[in-house]
>>> print(open('start.tsv').read())   # TSV, C-alpha atoms and all ligand atoms
chain	number	residue	atom	x	y	z
A	1	MET	CA	-124.33	167.98	74.26
A	2	SER	CA	-127.19	170.46	74.51
A	3	VAL	CA	-129.05	171.72	71.47
A	4	PHE	CA	-131.90	173.97	72.59
A	5	SER	CA	-129.71	175.80	75.10
A	6	HIS	CA	-126.66	175.87	72.81
A	7	THR	CA	-125.24	179.40	72.41
A	8	ASP	CA	-125.49	179.11	68.61
A	9	PHE	CA	-129.07	177.78	68.64
A	10	ASP	CA	-131.40	180.42	67.21
A	11	HIS	CA	-134.76	178.66	67.00
A	12	HIS	CA	-133.49	176.56	64.12
A	13	GLU	CA	-136.37	174.75	62.44
A	14	LEU	CA	-134.60	171.42	62.18
A	15	VAL	CA	-131.37	169.83	63.39
A	16	ALA	CA	-130.87	166.22	62.29
A	17	PHE	CA	-128.03	163.89	63.31
A	18	LYS	CA	-126.83	160.80	61.47
A	19	ASP	CA	-124.52	158.09	62.76
A	20	ASP	CA	-124.18	155.31	60.18
A	21	PRO	CA	-121.62	152.69	61.30
A	22	ALA	CA	-121.84	150.83	57.97
A	23	SER	CA	-120.35	153.74	56.03
A	24	GLY	CA	-118.65	155.60	58.87
A	25	LEU	CA	-120.85	158.64	58.28
A	26	LYS	CA	-121.28	161.02	61.18
A	27	ALA	CA	-123.13	164.10	59.97
A	28	ILE	CA	-125.48	166.89	60.98
A	29	ILE	CA	-128.02	168.72	58.81
A	30	SER	CA	-129.29	172.07	60.09
A	31	VAL	CA	-132.19	174.11	58.73
A	32	HIS	CA	-132.27	177.56	60.28
A	33	ASN	CA	-135.21	179.19	58.53
A	34	SER	CA	-137.20	178.24	55.46
A	35	SER	CA	-139.74	181.06	55.29
A	36	LEU	CA	-138.38	182.27	51.93
A	37	GLY	CA	-137.82	178.85	50.35
A	38	PRO	CA	-136.03	175.52	50.79
A	39	ALA	CA	-133.05	175.75	53.12
A	40	THR	CA	-130.00	175.68	50.89
A	41	GLY	CA	-126.31	175.64	51.76
A	42	GLY	CA	-123.12	173.69	51.32
A	43	CYS	CA	-122.05	170.38	52.82
A	44	ARG	CA	-118.79	170.90	54.68
A	45	MET	CA	-116.43	168.04	55.54
A	46	PHE	CA	-113.98	168.82	58.32
A	47	PRO	CA	-112.14	166.86	61.04
A	48	TYR	CA	-113.91	168.63	63.91
A	49	ALA	CA	-112.20	168.23	67.25
A	50	SER	CA	-115.52	167.35	68.90
A	51	ASP	CA	-119.20	166.76	68.16
A	52	GLU	CA	-119.83	170.04	69.97
A	53	ALA	CA	-117.60	171.93	67.50
A	54	ALA	CA	-119.42	170.36	64.55
A	55	LEU	CA	-122.81	171.29	65.99
A	56	SER	CA	-121.67	174.83	66.67
A	57	ASP	CA	-120.39	175.20	63.10
A	58	VAL	CA	-123.52	173.86	61.42
A	59	LEU	CA	-125.85	175.99	63.57
A	60	ARG	CA	-123.83	179.14	62.87
A	61	LEU	CA	-123.35	178.45	59.17
A	62	SER	CA	-127.01	177.60	58.50
A	63	ARG	CA	-128.12	180.79	60.27
A	64	GLY	CA	-125.65	182.76	58.15
A	65	MET	CA	-127.17	181.28	54.99
A	66	THR	CA	-130.62	182.59	55.96
A	67	TYR	CA	-129.25	186.14	56.19
A	68	LYS	CA	-127.13	185.79	53.04
A	69	SER	CA	-129.92	184.46	50.83
A	70	ALA	CA	-132.47	186.96	52.16
A	71	LEU	CA	-130.27	189.95	51.34
A	72	ALA	CA	-129.27	188.43	48.02
A	73	GLY	CA	-132.98	188.53	47.14
A	74	LEU	CA	-133.25	184.77	46.74
A	75	ALA	CA	-136.29	182.60	47.42
A	76	LEU	CA	-134.12	180.31	49.55
A	77	GLY	CA	-133.93	179.56	53.24
A	78	GLY	CA	-130.79	178.96	55.27
A	79	GLY	CA	-129.37	175.49	55.71
A	80	LYS	CA	-126.03	173.73	55.97
A	81	SER	CA	-124.65	170.28	56.66
A	82	VAL	CA	-121.41	169.01	58.10
A	83	ILE	CA	-119.68	165.67	57.81
A	84	ILE	CA	-117.29	164.95	60.67
A	85	GLY	CA	-114.13	163.59	59.09
A	86	ASN	CA	-110.94	164.40	57.25
A	87	PRO	CA	-111.72	165.01	53.57
A	88	HIS	CA	-108.22	163.85	52.59
A	89	GLN	CA	-108.36	160.56	54.52
A	90	ASP	CA	-111.93	159.58	55.35
A	91	LYS	CA	-113.80	160.31	52.13
A	92	THR	CA	-115.20	157.21	50.43
A	93	ARG	CA	-117.89	156.60	47.85
A	94	LYS	CA	-119.88	154.69	50.49
A	95	LEU	CA	-119.74	157.68	52.83
A	96	MET	CA	-120.93	160.09	50.15
A	97	LEU	CA	-123.79	157.76	49.17
A	98	ALA	CA	-124.81	157.55	52.84
A	99	MET	CA	-124.78	161.36	53.00
A	100	GLY	CA	-127.00	161.38	49.92
A	101	ASP	CA	-129.43	159.06	51.75
A	102	PHE	CA	-129.37	161.33	54.80
A	103	ILE	CA	-130.19	164.40	52.69
A	104	GLU	CA	-132.94	162.49	50.88
A	105	SER	CA	-134.48	161.47	54.19
A	106	GLN	CA	-135.19	165.15	54.96
A	107	GLY	CA	-137.66	165.16	52.06
A	108	GLY	CA	-136.39	168.37	50.43
A	109	LYS	CA	-136.34	170.57	53.54
A	110	TYR	CA	-132.57	170.88	52.94
A	111	ILE	CA	-130.82	171.27	49.58
A	112	SER	CA	-127.09	170.68	49.52
A	113	ALA	CA	-124.16	171.96	47.46
A	114	GLU	CA	-120.38	171.79	47.64
A	115	ASP	CA	-118.46	173.53	50.41
A	116	SER	CA	-115.06	173.37	51.98
A	117	GLY	CA	-113.90	169.72	52.00
A	118	THR	CA	-116.40	168.63	49.34
A	119	GLY	CA	-116.48	169.18	45.58
A	120	VAL	CA	-118.63	168.74	42.52
A	121	SER	CA	-117.66	165.06	42.20
A	122	ASP	CA	-118.87	164.40	45.78
A	123	MET	CA	-122.14	166.14	44.95
A	124	ALA	CA	-122.46	163.94	41.87
A	125	THR	CA	-122.02	160.82	44.05
A	126	MET	CA	-124.61	162.05	46.57
A	127	SER	CA	-127.02	162.83	43.76
A	128	GLU	CA	-127.15	159.10	42.95
A	129	ARG	CA	-129.25	158.84	46.12
A	130	THR	CA	-131.04	162.18	46.29
A	131	ASN	CA	-132.49	164.87	44.06
A	132	PHE	CA	-131.86	167.54	46.69
A	133	ILE	CA	-128.42	168.55	45.46
A	134	THR	CA	-127.57	171.64	43.46
A	135	GLY	CA	-124.43	173.27	42.10
A	136	LEU	CA	-123.67	170.24	39.95
A	137	MET	CA	-123.10	172.17	36.75
A	138	ASP	CA	-119.57	172.23	35.41
A	139	ASN	CA	-120.22	173.66	32.01
A	140	ASP	CA	-117.65	176.45	31.75
A	141	SER	CA	-114.96	178.17	33.76
A	142	GLU	CA	-117.09	181.08	34.97
A	143	HIS	CA	-120.27	179.33	36.17
A	144	GLY	CA	-121.21	176.07	37.83
A	145	GLY	CA	-118.88	173.79	39.72
A	146	ASP	CA	-116.28	176.11	41.20
A	147	PRO	CA	-118.20	179.12	42.61
A	148	SER	CA	-115.06	181.29	42.94
A	149	PRO	CA	-115.30	183.21	39.63
A	150	ILE	CA	-118.88	184.31	40.23
A	151	THR	CA	-118.13	185.10	43.89
A	152	ALA	CA	-115.23	187.25	42.69
A	153	TYR	CA	-117.49	189.05	40.23
A	154	GLY	CA	-119.90	189.87	43.07
A	155	VAL	CA	-117.07	191.19	45.23
A	156	TYR	CA	-115.90	193.29	42.29
A	157	CYS	CA	-119.44	194.74	41.91
A	158	GLY	CA	-119.46	195.44	45.65
A	159	ILE	CA	-116.12	197.25	45.50
A	160	CYS	CA	-117.41	199.36	42.59
A	161	SER	CA	-120.47	200.26	44.69
A	162	ALA	CA	-118.38	201.19	47.74
A	163	VAL	CA	-115.98	203.27	45.67
A	164	ALA	CA	-118.85	205.06	43.93
A	165	TYR	CA	-120.47	205.74	47.33
A	166	LYS	CA	-117.24	207.45	48.36
A	167	GLY	CA	-117.34	209.49	45.14
A	168	GLY	CA	-114.53	207.75	43.25
A	169	ASP	CA	-114.01	205.26	40.44
A	170	LEU	CA	-111.73	202.34	39.70
A	171	GLN	CA	-109.25	204.13	37.46
A	172	GLY	CA	-106.03	204.37	39.45
A	173	LEU	CA	-107.66	202.87	42.56
A	174	ARG	CA	-105.22	201.04	44.83
A	175	VAL	CA	-106.53	197.76	46.24
A	176	ALA	CA	-104.73	195.41	48.64
A	177	LEU	CA	-105.82	191.76	48.77
A	178	GLN	CA	-105.05	189.60	51.78
A	179	GLY	CA	-105.06	186.20	50.07
A	180	ILE	CA	-104.98	185.67	46.34
A	181	GLY	CA	-106.34	182.15	46.03
A	182	ASN	CA	-109.39	181.14	44.01
A	183	VAL	CA	-111.57	184.22	44.59
A	184	GLY	CA	-108.66	186.64	44.97
A	185	TYR	CA	-107.21	185.73	41.59
A	186	TYR	CA	-110.44	186.41	39.65
A	187	LEU	CA	-111.12	189.54	41.71
A	188	ALA	CA	-107.66	190.93	40.92
A	189	ARG	CA	-108.26	190.26	37.22
A	190	HIS	CA	-111.53	192.24	37.22
A	191	LEU	CA	-109.94	195.11	39.13
A	192	ILE	CA	-106.87	195.35	36.91
A	193	ARG	CA	-109.00	195.25	33.75
A	194	SER	CA	-110.91	198.25	35.18
A	195	GLY	CA	-107.74	200.28	35.71
A	196	ALA	CA	-107.02	199.57	39.37
A	197	THR	CA	-103.61	198.75	40.79
A	198	VAL	CA	-103.65	195.56	42.84
A	199	TYR	CA	-101.32	194.62	45.68
A	200	ALA	CA	-101.51	191.26	47.41
A	201	SER	CA	-99.98	189.01	50.01
A	202	ASP	CA	-100.40	185.27	50.33
A	203	ILE	CA	-98.86	182.58	52.49
A	204	ASN	CA	-98.88	180.29	49.45
A	205	ARG	CA	-95.87	181.05	47.22
A	206	ARG	CA	-97.45	179.44	44.15
A	207	ASN	CA	-100.60	181.58	44.37
A	208	ILE	CA	-98.74	184.85	44.77
A	209	ASP	CA	-96.33	184.00	41.93
A	210	ARG	CA	-99.25	183.17	39.63
A	211	ALA	CA	-100.89	186.54	40.36
A	212	VAL	CA	-97.65	188.48	39.90
A	213	ASN	CA	-96.69	186.71	36.66
A	214	GLU	CA	-100.10	186.38	35.03
A	215	LEU	CA	-101.88	189.53	36.20
A	216	GLY	CA	-99.15	192.02	37.12
A	217	VAL	CA	-100.13	192.15	40.80
A	218	THR	CA	-97.55	193.74	43.12
A	219	GLU	CA	-96.53	191.53	46.03
A	220	LEU	CA	-96.73	192.84	49.59
A	221	ALA	CA	-95.04	191.30	52.62
A	222	LEU	CA	-97.49	189.26	54.70
A	223	GLY	CA	-97.29	191.63	57.66
A	224	ASN	CA	-97.88	194.76	55.55
A	225	VAL	CA	-101.12	194.02	53.74
A	226	LEU	CA	-103.66	195.09	56.36
A	227	SER	CA	-101.85	198.38	56.99
A	228	ALA	CA	-101.05	199.06	53.32
A	229	ASP	CA	-101.44	202.63	52.10
A	230	VAL	CA	-104.27	201.84	49.68
A	231	ASP	CA	-107.85	202.90	48.99
A	232	VAL	CA	-109.48	199.48	49.45
A	233	LEU	CA	-108.52	196.59	51.70
A	234	ALA	CA	-109.99	193.30	50.44
A	235	PRO	CA	-109.69	190.43	52.95
A	236	CYS	CA	-109.81	187.30	50.76
A	237	ALA	CA	-108.13	184.75	53.02
A	238	MET	CA	-109.43	183.58	56.40
A	239	GLY	CA	-111.92	185.11	58.84
A	240	GLY	CA	-111.08	187.55	61.61
A	241	ALA	CA	-108.79	189.90	59.63
A	242	ILE	CA	-110.38	192.92	61.30
A	243	ASN	CA	-109.62	192.60	65.00
A	244	THR	CA	-108.39	194.65	67.94
A	245	ALA	CA	-104.77	194.14	66.90
A	246	THR	CA	-105.27	195.25	63.28
A	247	ILE	CA	-108.06	197.83	63.28
A	248	ASP	CA	-106.00	200.89	64.19
A	249	SER	CA	-103.40	200.28	61.51
A	250	ILE	CA	-105.83	200.10	58.59
A	251	LYS	CA	-105.20	202.99	56.18
A	252	ALA	CA	-107.74	202.04	53.53
A	253	SER	CA	-111.02	203.97	53.59
A	254	ILE	CA	-112.96	200.91	52.36
A	255	VAL	CA	-112.90	197.29	53.58
A	256	ALA	CA	-114.55	195.03	51.01
A	257	GLY	CA	-113.48	191.46	50.33
A	258	ALA	CA	-114.60	187.86	49.93
A	259	ALA	CA	-113.60	186.29	53.24
A	260	ASN	CA	-116.32	185.03	55.57
A	261	ASN	CA	-116.50	186.45	59.10
A	262	GLN	CA	-114.07	189.31	58.44
A	263	LEU	CA	-114.95	191.04	61.71
A	264	ALA	CA	-113.46	189.15	64.65
A	265	THR	CA	-116.25	190.55	66.85
A	266	SER	CA	-119.37	192.60	66.17
A	267	GLU	CA	-117.70	195.56	67.94
A	268	MET	CA	-115.30	195.77	64.99
A	269	GLY	CA	-118.20	197.00	62.86
A	270	ASP	CA	-118.67	199.94	65.25
A	271	ALA	CA	-114.92	200.55	65.33
A	272	LEU	CA	-114.76	200.75	61.52
A	273	LEU	CA	-117.71	203.17	61.51
A	274	ALA	CA	-116.03	205.31	64.16
A	275	ARG	CA	-112.87	205.49	62.04
A	276	GLY	CA	-114.87	206.48	58.93
A	277	ILE	CA	-113.96	203.25	57.14
A	278	LEU	CA	-116.74	201.98	54.89
A	279	TYR	CA	-117.27	198.25	55.45
A	280	ALA	CA	-119.09	196.07	52.91
A	281	PRO	CA	-120.64	193.31	55.07
A	282	ASP	CA	-119.04	190.00	54.09
A	283	TYR	CA	-122.14	187.89	53.60
A	284	VAL	CA	-123.65	190.53	51.34
A	285	ILE	CA	-120.64	191.09	49.09
A	286	ASN	CA	-119.67	187.39	48.80
A	287	ALA	CA	-123.15	186.11	47.82
A	288	GLY	CA	-122.28	185.46	44.14
A	289	GLY	CA	-121.89	181.72	44.70
A	290	ILE	CA	-125.30	181.21	46.31
A	291	ILE	CA	-126.94	183.35	43.62
A	292	ASP	CA	-125.41	181.08	40.97
A	293	VAL	CA	-126.52	178.00	42.91
A	294	TYR	CA	-130.06	179.40	43.14
A	295	TYR	CA	-130.41	179.64	39.36
A	296	GLN	CA	-129.04	176.12	38.99
A	297	SER	CA	-131.53	174.83	41.57
A	298	VAL	CA	-134.53	176.29	39.73
A	299	GLY	CA	-133.25	175.06	36.36
A	300	ASN	CA	-132.96	178.55	34.86
A	301	HIS	CA	-129.21	179.01	34.62
A	302	ASP	CA	-128.87	181.75	32.05
A	303	VAL	CA	-125.42	183.30	32.46
A	304	ASP	CA	-126.67	186.81	31.66
A	305	VAL	CA	-129.49	186.52	34.18
A	306	VAL	CA	-127.06	185.28	36.86
A	307	ASN	CA	-124.58	188.08	36.14
A	308	GLU	CA	-127.34	190.68	36.23
A	309	HIS	CA	-128.52	189.38	39.61
A	310	VAL	CA	-124.98	189.29	41.01
A	311	ASN	CA	-124.51	192.83	39.75
A	312	ARG	CA	-127.32	193.92	42.08
A	313	ILE	CA	-125.10	193.11	45.09
A	314	GLY	CA	-123.81	196.63	44.44
A	315	ASP	CA	-127.32	198.13	44.76
A	316	THR	CA	-127.98	196.25	48.00
A	317	LEU	CA	-124.70	197.49	49.45
A	318	SER	CA	-125.51	201.03	48.41
A	319	LYS	CA	-128.79	200.80	50.39
A	320	ILE	CA	-126.90	199.46	53.40
A	321	PHE	CA	-124.32	202.28	53.20
A	322	LYS	CA	-127.03	204.97	53.03
A	323	ARG	CA	-129.03	203.53	55.91
A	324	SER	CA	-125.88	203.09	57.98
A	325	LYS	CA	-125.12	206.80	57.53
A	326	ALA	CA	-128.70	207.88	58.23
A	327	ASP	CA	-128.93	205.75	61.39
A	328	SER	CA	-125.30	206.22	62.52
A	329	THR	CA	-125.16	202.45	62.87
A	330	SER	CA	-122.53	200.06	61.53
A	331	THR	CA	-123.11	198.53	58.11
A	332	SER	CA	-122.86	195.03	59.62
A	333	ILE	CA	-125.77	195.70	61.99
A	334	ILE	CA	-127.79	197.40	59.24
A	335	ALA	CA	-127.29	194.36	56.99
A	336	ASP	CA	-128.62	192.04	59.72
A	337	VAL	CA	-131.63	194.30	60.30
A	338	MET	CA	-132.41	194.48	56.60
A	339	ALA	CA	-132.12	190.70	56.22
A	340	GLU	CA	-134.46	190.15	59.17
A	341	GLU	CA	-136.96	192.57	57.67
A	342	ILE	CA	-137.04	190.25	54.68
A	343	PHE	CA	-137.06	186.73	56.12
A	344	LYS	CA	-139.04	187.45	59.28
A	345	GLN	CA	-141.86	189.04	57.30
A	346	PRO	CA	-141.61	187.66	53.79
A	347	ALA	CA	-143.87	189.36	51.28
A	348	PRO	CA	-146.65	187.14	49.93
A	349	ASN	CA	-145.43	185.27	46.85
A	350	PHE	CA	-141.84	186.37	47.53
A	351	LYS	CA	-139.85	186.12	44.32
A	352	ASN	CA	-136.13	186.45	44.03
A	353	SER	CA	-134.79	189.98	44.35
A	354	GLU	CA	-138.16	191.77	44.52
A	355	THR	CA	-137.85	192.65	48.18
A	356	VAL	CA	-134.29	193.89	48.14
A	357	ALA	CA	-134.73	195.74	44.88
A	358	ALA	CA	-137.90	197.49	46.12
B	401	LIG	P1	-108.64	179.87	48.76
B	401	LIG	O1	-108.22	178.90	49.80
B	401	LIG	O2	-108.56	179.47	47.33
B	401	LIG	O3	-107.80	181.23	48.90
B	401	LIG	C1	-107.44	181.77	50.13
B	401	LIG	C2	-105.99	182.23	49.99
B	401	LIG	O4	-105.63	182.92	51.18
B	401	LIG	C3	-105.01	181.09	49.80
B	401	LIG	O5	-104.19	181.37	48.67
B	401	LIG	C4	-104.21	181.08	51.08
B	401	LIG	O6	-102.87	180.68	50.89
B	401	LIG	C5	-104.29	182.53	51.50
B	401	LIG	N1	-104.07	182.81	52.91
B	401	LIG	C6	-104.50	182.10	53.98
B	401	LIG	N2	-104.12	182.72	55.11
B	401	LIG	C7	-103.46	183.85	54.74
B	401	LIG	C8	-102.85	184.92	55.44
B	401	LIG	N3	-102.83	184.96	56.77
B	401	LIG	N4	-102.30	185.92	54.73
B	401	LIG	C9	-102.31	185.90	53.37
B	401	LIG	N5	-102.86	184.91	52.65
B	401	LIG	C10	-103.44	183.91	53.33
B	401	LIG	O7	-110.12	180.31	49.18
B	401	LIG	P2	-111.16	181.10	48.26
B	401	LIG	O8	-112.10	180.15	47.68
B	401	LIG	O9	-110.43	182.07	47.39
B	401	LIG	O10	-111.97	181.90	49.39
B	401	LIG	C11	-111.40	183.03	50.01
B	401	LIG	C12	-112.30	183.49	51.15
B	401	LIG	O11	-113.59	183.82	50.62
B	401	LIG	C13	-112.55	182.44	52.22
B	401	LIG	O12	-112.69	183.09	53.47
B	401	LIG	C14	-113.88	181.83	51.82
B	401	LIG	O13	-114.58	181.29	52.94
B	401	LIG	C15	-114.59	183.05	51.28
B	401	LIG	N6	-115.65	182.73	50.31
B	401	LIG	C16	-115.35	182.05	49.19
B	401	LIG	C17	-116.35	181.76	48.27
B	401	LIG	C18	-116.04	181.01	47.01
B	401	LIG	O14	-116.88	181.02	46.10
B	401	LIG	N7	-114.90	180.40	46.88
B	401	LIG	C19	-117.67	182.17	48.52
B	401	LIG	C20	-117.95	182.91	49.67
B	401	LIG	C21	-116.92	183.18	50.57
>>> encode(input="start.tsv", output="structure tokens")
Amino acid sequence: MSVFSHTDFDHHELVAFKDDPASGLKAIISVHNSSLGPATGGCRMFPYASDEAALSDVLRLSRGMTYKSALAGLALGGGKSVIIGNPHQDKTRKLMLAMGDFIESQGGKYISAEDSGTGVSDMATMSERTNFITGLMDNDSEHGGDPSPITAYGVYCGICSAVAYKGGDLQGLRVALQGIGNVGYYLARHLIRSGATVYASDINRRNIDRAVNELGVTELALGNVLSADVDVLAPCAMGGAINTATIDSIKASIVAGAANNQLATSEMGDALLARGILYAPDYVINAGGIIDVYYQSVGNHDVDVVNEHVNRIGDTLSKIFKRSKADSTSTSIIADVMAEEIFKQPAPNFKNSETVAA
């Protein structure tokens, strides 16, 4: 298995491997870039088909965290870790303690948090062995622990920004959500409270029923959501919703949702631009969770301060939209360029949000 010549290797600062037979832990920690601050990102547990697939995932995800935190205006670098294993079968206390030891052995170069396959209780176990864990707070339903409510608030702010950029407002706006799970539910609630009409599809009957019964969401058939006659399409399920098979049927003039990796390929960003569809880059609009984690990690978790920072996702998107128009370049490419302008040349004494807000 090659590392330096791996297609996803991007001059990562650190890639560490752990094989601990005593606990069964097989894990990788990856630090992409720490020029803005300690590399921070979730610990994912997944039954990867191969070591190669795990390495690819951790390299890609840690790089993504560098871009996300930079554009979120956070003094954090990009890092991620993966545990190779099935979270439903292989998770033991011994394994989580061993992961805590592995994180501790990096001396603070990598700070971990929950991710898919791990939760707050796993982080609590790891924190018995290391101080380099954040996102442990579980103090109320909107902040700490489950990042979905604050992520949803950020996506809501991003949708408001995109709609305002197009000259509209939320009253009477029609929004279609593909996936109404954790983030989708809270997003729909914000939108409906602001006067929007929300449509949604979900492969999970329980989730769609909850949204219909509790929020008054209108159900759409699974095959109709991406082509729905709405103003905003919000992908909130899995990645790759915007692809060669779906792009031509999109009727919404805005694509703005929580899902990671919404564009199946980078060409989809150009295709959306060519069709006059305004795309809110996924890692910019879904940064609410890492913003919340940042304030927990620096021990300054004031809910108003966090909300105010998350609110600025809208300002960042507005800058991206304007520059995309001025340069006739897709918003996804502009976002990458703007992130690189921040983390490749960090201002002296970089403090959260100063660079993006400037
Ligand atoms: P979730 O699993 O709670 O919700 C996803 C929902 O999508 C589920 O209800 C699932 O049944 C549904 N779904 C899956 N495939 C579907 C399909 N083809 N059509 C319709 N529905 C489908 O996940 P979540 O936490 O709400 O996250 C949603 C997305 O946002 C994910 O892509 C996630 O990576 C991303 N994201 C989440 C957070 C967070 O704070 N939770 C942060 C950043 C990004």
>>> residues_near_ligand(input="start.tsv", ligand="ligand LIG 401 (chain B)", cutoff="6 Å", atoms="all atoms listed in the file", output="PyMOL selection string")
chain A and resi 147-148+151+178-184+201-204+207+222+236-239+258-260+286+289
>>> closest_residue(input="start.tsv", among="A:Thr66, A:Ser81, A:Ser161, A:Asn243", to="Phe321 of chain A", atoms="all atoms listed in the file")
A:Ser161
>>> atom_distance(input="start.tsv", atom1="atom CA of Ile290 of chain A", atom2="atom CA of Leu263 of chain A")
21.0 Å
>>> closest_residue(input="start.tsv", among="A:Gly195, A:Pro149, A:Gly288, A:Gly314", to="Ala164 of chain A", atoms="all atoms listed in the file")
A:Gly314
>>> closest_residue(input="start.tsv", among="A:Asp229, A:Asp292, A:Asp19, A:Glu214", to="Thr134 of chain A", atoms="all atoms listed in the file")
A:Asp292
>>> atom_distance(input="start.tsv", atom1="atom CA of Val31 of chain A", atom2="atom CA of Pro235 of chain A")
28.4 Å
>>> atom_distance(input="start.tsv", atom1="atom CA of Val198 of chain A", atom2="atom CA of Gly154 of chain A")
17.2 Å
>>> closest_residue(input="start.tsv", among="A:Ile342, A:Ile254, A:Val58, A:Val306", to="Ala162 of chain A", atoms="only C-alpha atoms")
A:Ile254
>>> residues_around(input="start.tsv", residues="Asp336 of chain A", least_positions_apart="3", cutoff="10 Å", atoms="all atoms listed in the file", output="mmCIF file with C-alpha atoms, in the coordinates of the input")
data_model
loop_
_atom_site.group_PDB
_atom_site.id
_atom_site.type_symbol
_atom_site.label_atom_id
_atom_site.label_comp_id
_atom_site.auth_asym_id
_atom_site.auth_seq_id
_atom_site.Cartn_x
_atom_site.Cartn_y
_atom_site.Cartn_z
ATOM 1 C CA GLY A 64 -125.650 182.760 58.150
ATOM 2 C CA TYR A 67 -129.250 186.140 56.190
ATOM 3 C CA LYS A 68 -127.130 185.790 53.040
ATOM 4 C CA ALA A 70 -132.470 186.960 52.160
ATOM 5 C CA LEU A 71 -130.270 189.950 51.340
ATOM 6 C CA PRO A 281 -120.640 193.310 55.070
ATOM 7 C CA TYR A 283 -122.140 187.890 53.600
ATOM 8 C CA VAL A 284 -123.650 190.530 51.340
ATOM 9 C CA ILE A 320 -126.900 199.460 53.400
ATOM 10 C CA THR A 331 -123.110 198.530 58.110
ATOM 11 C CA SER A 332 -122.860 195.030 59.620
ATOM 12 C CA ILE A 333 -125.770 195.700 61.990
ATOM 13 C CA ALA A 339 -132.120 190.700 56.220
ATOM 14 C CA GLU A 340 -134.460 190.150 59.170
ATOM 15 C CA GLU A 341 -136.960 192.570 57.670
ATOM 16 C CA ILE A 342 -137.040 190.250 54.680
#
>>> residues_around(input="start.tsv", residues="Thr92 of chain A", least_positions_apart="5", cutoff="12 Å", atoms="all atoms listed in the file", output="PyMOL selection string")
chain A and resi 22-25+85-87+97-99+118+121-122+125-126
>>> closest_residue(input="start.tsv", among="A:Glu114, A:Ile133, A:Ser2, A:Gln171", to="Asp146 of chain A", atoms="all atoms listed in the file")
A:Glu114
>>> residues_around(input="start.tsv", residues="Val3 of chain A", least_positions_apart="4", cutoff="10 Å", atoms="only C-alpha atoms", output="list of chain:residue names")
A:Thr7, A:Asp8, A:Phe9, A:Asp10, A:His12, A:Val15, A:Glu52, A:Leu55, A:Ser56, A:Leu59
>>> residues_near_point(input="start.tsv", point="(-102.1, 196.5, 58.8)", cutoff="7 Å", atoms="all atoms listed in the file", output="list in words")
Gly223, Asn224, Val225, Leu226, Ser227, Ala228, Thr246, Ser249 and Ile250 of chain A
>>> write_last_selection(input="start.tsv", atoms="C-alpha atoms", output="PDB file, keeping the file's coordinate frame")
ATOM      1  CA  GLY A 223     -97.290 191.630  57.660  1.00  0.00           C
ATOM      2  CA  ASN A 224     -97.880 194.760  55.550  1.00  0.00           C
ATOM      3  CA  VAL A 225    -101.120 194.020  53.740  1.00  0.00           C
ATOM      4  CA  LEU A 226    -103.660 195.090  56.360  1.00  0.00           C
ATOM      5  CA  SER A 227    -101.850 198.380  56.990  1.00  0.00           C
ATOM      6  CA  ALA A 228    -101.050 199.060  53.320  1.00  0.00           C
ATOM      7  CA  THR A 246    -105.270 195.250  63.280  1.00  0.00           C
ATOM      8  CA  SER A 249    -103.400 200.280  61.510  1.00  0.00           C
ATOM      9  CA  ILE A 250    -105.830 200.100  58.590  1.00  0.00           C
TER      10      ILE A 250
END
>>> residues_around(input="start.tsv", residues="Glu104 of chain A", least_positions_apart="2", cutoff="9 Å", atoms="only C-alpha atoms", output="MDAnalysis selection string")
chainID A and resid 99:102 106:108 110 129:132
>>> residues_near_point(input="start.tsv", point="(-128.8, 181.5, 34.6)", cutoff="12 Å", atoms="only C-alpha atoms", output="number ranges by chain")
A: 135, 137, 139, 142-144, 150, 291-310
>>> write_last_selection(input="start.tsv", atoms="C-alpha atoms", output="CSV table (one decimal), keeping the file's coordinate frame")
chain,number,residue,atom,x,y,z
A,135,GLY,CA,-124.4,173.3,42.1
A,137,MET,CA,-123.1,172.2,36.8
A,139,ASN,CA,-120.2,173.7,32.0
A,142,GLU,CA,-117.1,181.1,35.0
A,143,HIS,CA,-120.3,179.3,36.2
A,144,GLY,CA,-121.2,176.1,37.8
A,150,ILE,CA,-118.9,184.3,40.2
A,291,ILE,CA,-126.9,183.4,43.6
A,292,ASP,CA,-125.4,181.1,41.0
A,293,VAL,CA,-126.5,178.0,42.9
A,294,TYR,CA,-130.1,179.4,43.1
A,295,TYR,CA,-130.4,179.6,39.4
A,296,GLN,CA,-129.0,176.1,39.0
A,297,SER,CA,-131.5,174.8,41.6
A,298,VAL,CA,-134.5,176.3,39.7
A,299,GLY,CA,-133.2,175.1,36.4
A,300,ASN,CA,-133.0,178.6,34.9
A,301,HIS,CA,-129.2,179.0,34.6
A,302,ASP,CA,-128.9,181.8,32.0
A,303,VAL,CA,-125.4,183.3,32.5
A,304,ASP,CA,-126.7,186.8,31.7
A,305,VAL,CA,-129.5,186.5,34.2
A,306,VAL,CA,-127.1,185.3,36.9
A,307,ASN,CA,-124.6,188.1,36.1
A,308,GLU,CA,-127.3,190.7,36.2
A,309,HIS,CA,-128.5,189.4,39.6
A,310,VAL,CA,-125.0,189.3,41.0
>>> closest_residue(input="start.tsv", among="A:Leu136, A:Ser324, A:His11, A:Gly216", to="Arg193 of chain A", atoms="all atoms listed in the file")
A:Gly216
